[in-house]
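*Asks:* Contents are mmCIF, C-alpha atoms; file name run05.cif:
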data_my_file
loop_
_atom_site.label_atom_id
_atom_site.label_comp_id
_atom_site.auth_asym_id
_atom_site.auth_seq_id
_atom_site.Cartn_x
_atom_site.Cartn_y
_atom_site.Cartn_z
CA MET A 5 21.30 53.24 -0.87
CA ILE A 6 21.40 55.71 -3.75
CA LYS A 7 20.47 54.30 -7.16
CA ILE A 8 21.41 55.82 -10.46
CA ILE A 9 19.58 54.89 -13.64
CA GLU A 10 21.32 55.51 -16.96
CA VAL A 11 19.68 55.33 -20.34
CA ASN A 12 22.31 54.68 -22.99
CA ILE A 13 21.56 55.57 -26.59
CA PRO A 14 23.99 53.97 -29.07
CA LEU A 15 25.38 56.19 -31.82
CA PHE A 16 27.98 54.13 -33.67
CA ASN A 17 30.74 51.69 -33.03
CA ILE A 18 34.33 51.12 -34.11
CA ALA A 19 34.48 51.08 -37.92
CA SER A 20 35.57 47.45 -38.11
CA MET A 21 32.56 46.48 -36.00
CA GLU A 22 30.16 48.53 -38.15
CA LEU A 23 31.63 47.32 -41.43
CA PRO A 24 33.27 44.06 -42.58
CA ILE A 25 36.57 45.80 -43.44
CA ALA A 26 39.16 44.73 -40.85
CA GLY A 27 42.03 43.10 -42.72
CA GLU A 28 39.96 42.89 -45.90
CA GLU A 29 40.64 44.27 -49.35
CA ILE A 30 37.92 46.77 -50.22
CA LEU A 31 36.40 45.69 -53.53
CA ASP A 32 33.01 47.36 -53.34
CA SER A 33 32.50 50.96 -52.24
CA ASP A 34 28.74 50.41 -51.88
CA ILE A 35 29.20 49.06 -48.35
CA PHE A 36 30.10 52.63 -47.34
CA ARG A 37 27.08 54.10 -49.11
CA PHE A 38 24.73 51.61 -47.45
CA LYS A 39 26.33 52.18 -44.04
CA GLY A 40 25.99 55.94 -44.61
CA LEU A 41 22.26 55.56 -45.22
CA GLU A 42 21.92 53.30 -42.18
CA LEU A 43 23.84 55.79 -40.00
CA MET A 44 21.72 58.67 -41.25
CA GLU A 45 18.53 56.80 -40.32
CA ARG A 46 19.99 55.75 -36.96
CA LEU A 47 21.09 59.31 -36.09
CA HIS A 48 17.68 60.71 -37.05
CA ILE A 49 16.13 58.25 -34.58
CA VAL A 50 18.68 59.37 -31.97
CA ALA A 51 17.78 63.02 -32.65
CA ASP A 52 14.09 62.24 -32.07
CA ILE A 53 14.95 60.45 -28.81
CA VAL A 54 17.10 63.39 -27.65
CA ASP A 55 14.27 65.82 -28.42
CA LYS A 56 11.78 63.75 -26.41
CA LEU A 57 14.14 63.30 -23.47
CA SER A 58 15.18 66.95 -23.38
CA GLU A 59 11.57 68.12 -23.48
CA ASP A 60 10.82 65.76 -20.56
CA GLY A 61 13.63 67.12 -18.38
CA TRP A 62 16.28 64.45 -18.88
CA PHE A 63 19.98 65.36 -18.87
CA VAL A 64 21.69 64.01 -21.99
CA VAL A 65 25.49 63.76 -22.10
CA GLY A 66 27.72 62.65 -24.97
CA GLU A 67 30.12 59.75 -24.53
CA LEU A 68 32.59 58.05 -26.87
CA PHE A 69 30.17 55.75 -28.71
CA ASN A 70 26.78 56.68 -27.27
CA LEU A 71 24.73 59.20 -25.35
CA CYS A 72 23.88 58.82 -21.68
CA ALA A 73 20.63 60.21 -20.28
CA TYR A 74 19.33 60.42 -16.75
CA ARG A 75 16.79 62.10 -14.48
CA GLU A 76 17.50 62.46 -10.80
CA ASP A 77 13.93 61.54 -9.87
CA ILE A 78 14.05 58.14 -11.59
CA LYS A 79 15.33 55.54 -9.15
CA THR A 80 14.53 52.20 -10.81
CA ALA A 81 14.82 50.67 -14.24
CA GLU A 82 11.06 50.04 -14.18
CA GLN A 83 10.36 53.74 -13.63
CA ALA A 84 12.66 54.55 -16.55
CA LYS A 85 10.93 52.01 -18.81
CA THR A 86 7.50 53.38 -17.96
CA ARG A 87 8.57 56.96 -18.56
CA LEU A 88 10.30 56.08 -21.85
CA LYS A 89 7.24 54.16 -23.06
CA ASN A 90 5.07 57.18 -22.21
CA LEU A 91 7.43 59.28 -24.35
CA GLU A 92 6.93 56.73 -27.15
CA ILE A 93 10.62 55.81 -27.21
CA ASN A 94 11.28 52.35 -28.59
CA LEU A 95 13.03 50.43 -25.81
CA LYS A 96 14.89 48.40 -28.44
CA SER A 97 16.77 51.60 -29.38
CA ILE A 98 18.27 52.09 -25.91
CA PHE A 99 19.87 50.29 -22.96
CA ILE A 100 18.92 50.90 -19.35
CA THR A 101 21.54 50.37 -16.66
CA GLU A 102 20.94 50.54 -12.91
CA TYR A 103 23.84 51.35 -10.57
CA ASN A 104 23.98 51.79 -6.85
CA GLU A 105 26.35 54.24 -5.21
CA GLU A 106 28.66 51.50 -3.88
CA GLU A 107 29.22 50.07 -7.39
CA LEU A 108 30.22 53.48 -8.71
CA ILE A 109 32.67 54.09 -5.85
CA GLU A 110 34.26 50.62 -6.21
CA ASP A 111 34.48 51.02 -9.99
CA GLY A 112 35.97 54.48 -9.70
CA SER A 113 33.28 56.01 -11.92
#
Would you put the structure from the file into structure tokens?

*Replies:*
Amino acid sequence: MIKIIEVNIPLFNIASMELPIAGEEILDSDIFRFKGLELMERLHIVADIVDKLSEDGWFVVGELFNLCAYREDIKTAEQAKTRLKNLEINLKSIFITEYNEEELIEDGS
């Protein structure tokens, strides 16, 4: 059975999930300034992660709300965790998903 390990790196979410604005009157513009600072910090962390992964031979692909990274030689989530820890990547900044070939075919991915 072929296993595929994906490392997902969140970028941002739908605006109404990032900010308390859905259906609300906007009374304070500072929420946008604070979110801007938070996004800047978050994207700098993402940039550091991308640099480390790229230098270590990972393929990094952009998706709608995140980045997806993988290496063909990593076959288990544990191998991915070990490798990411060795790269000094904070595991709280990413999500690791393990798929097998049958799941991808059934799902249509």

*Asks:* Taking 5 positions as the minimum chain separation for residues in the same chain, which residues sit within 12 Å of A:Leu57 when counting only C-alpha atoms? Answer as a list in words.

*Replies:*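 In the requested form, the answer reads Val11, Asn12, Ile13, Val50, Ala51, Asp52, Trp62, Phe63, Val64, Val65, Leu71, Cys72, Ala73, Tyr74, Arg75, Ala84, Arg87, Leu88, Lys89, Asn90, Leu91, Glu92 and Ile93 of chain A.
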
*Asks:* Can you tell me how far atom CA of A:Asn94 sits from atom CA of A:Gly66, in Å to one decimal?

*Replies:*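 We find that atom CA of A:Asn94 and atom CA of A:Gly66 lie 19.7 Å from each other.
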
*Asks:* By how many Å are atom CA of A:Gly27 and atom CA of A:Pro14 apart?

*Replies:*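 A separation of 25.1 Å between them.
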
*Asks:* By how many Å are atom CA of A:Ile9 and atom CA of A:Asn104 apart?

*Replies:*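 Separating atom CA of A:Ile9 from atom CA of A:Asn104 is a distance of 8.7 Å.
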
*Asks:* Given only C-alpha atoms as the basis, pick out the residue of A:Phe69, A:Ala19, A:Lys79, A:Thr86 nearest to A:Gly40.

*Replies:*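 Answer, going by the shortest atom-to-atom distance: A:Ala19.
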
*Asks:* Output the residue selection produced by the PyMOL selection byres ((chain A and resi 101) around 7) on the file above, formatted as a PyMOL selection string.

*Replies:* chain A and resi 9-11+99-100+102-103

*Asks:* Taking only C-alpha atoms into account, name the residue in A:Glu67, A:Asp60, A:Lys39, A:Arg46 that is nearest to A:Pro24.

*Replies:*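 Checking each candidate against A:Pro24, we get A:Lys39 as the closest.
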
*Asks:* From the list A:Glu76, A:Lys96, A:Ala81, A:Asn70, which residue is nearest A:Val54 when using all atoms listed in the file?

*Replies:*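 Smallest distance to A:Val54 is found for A:Asn70.
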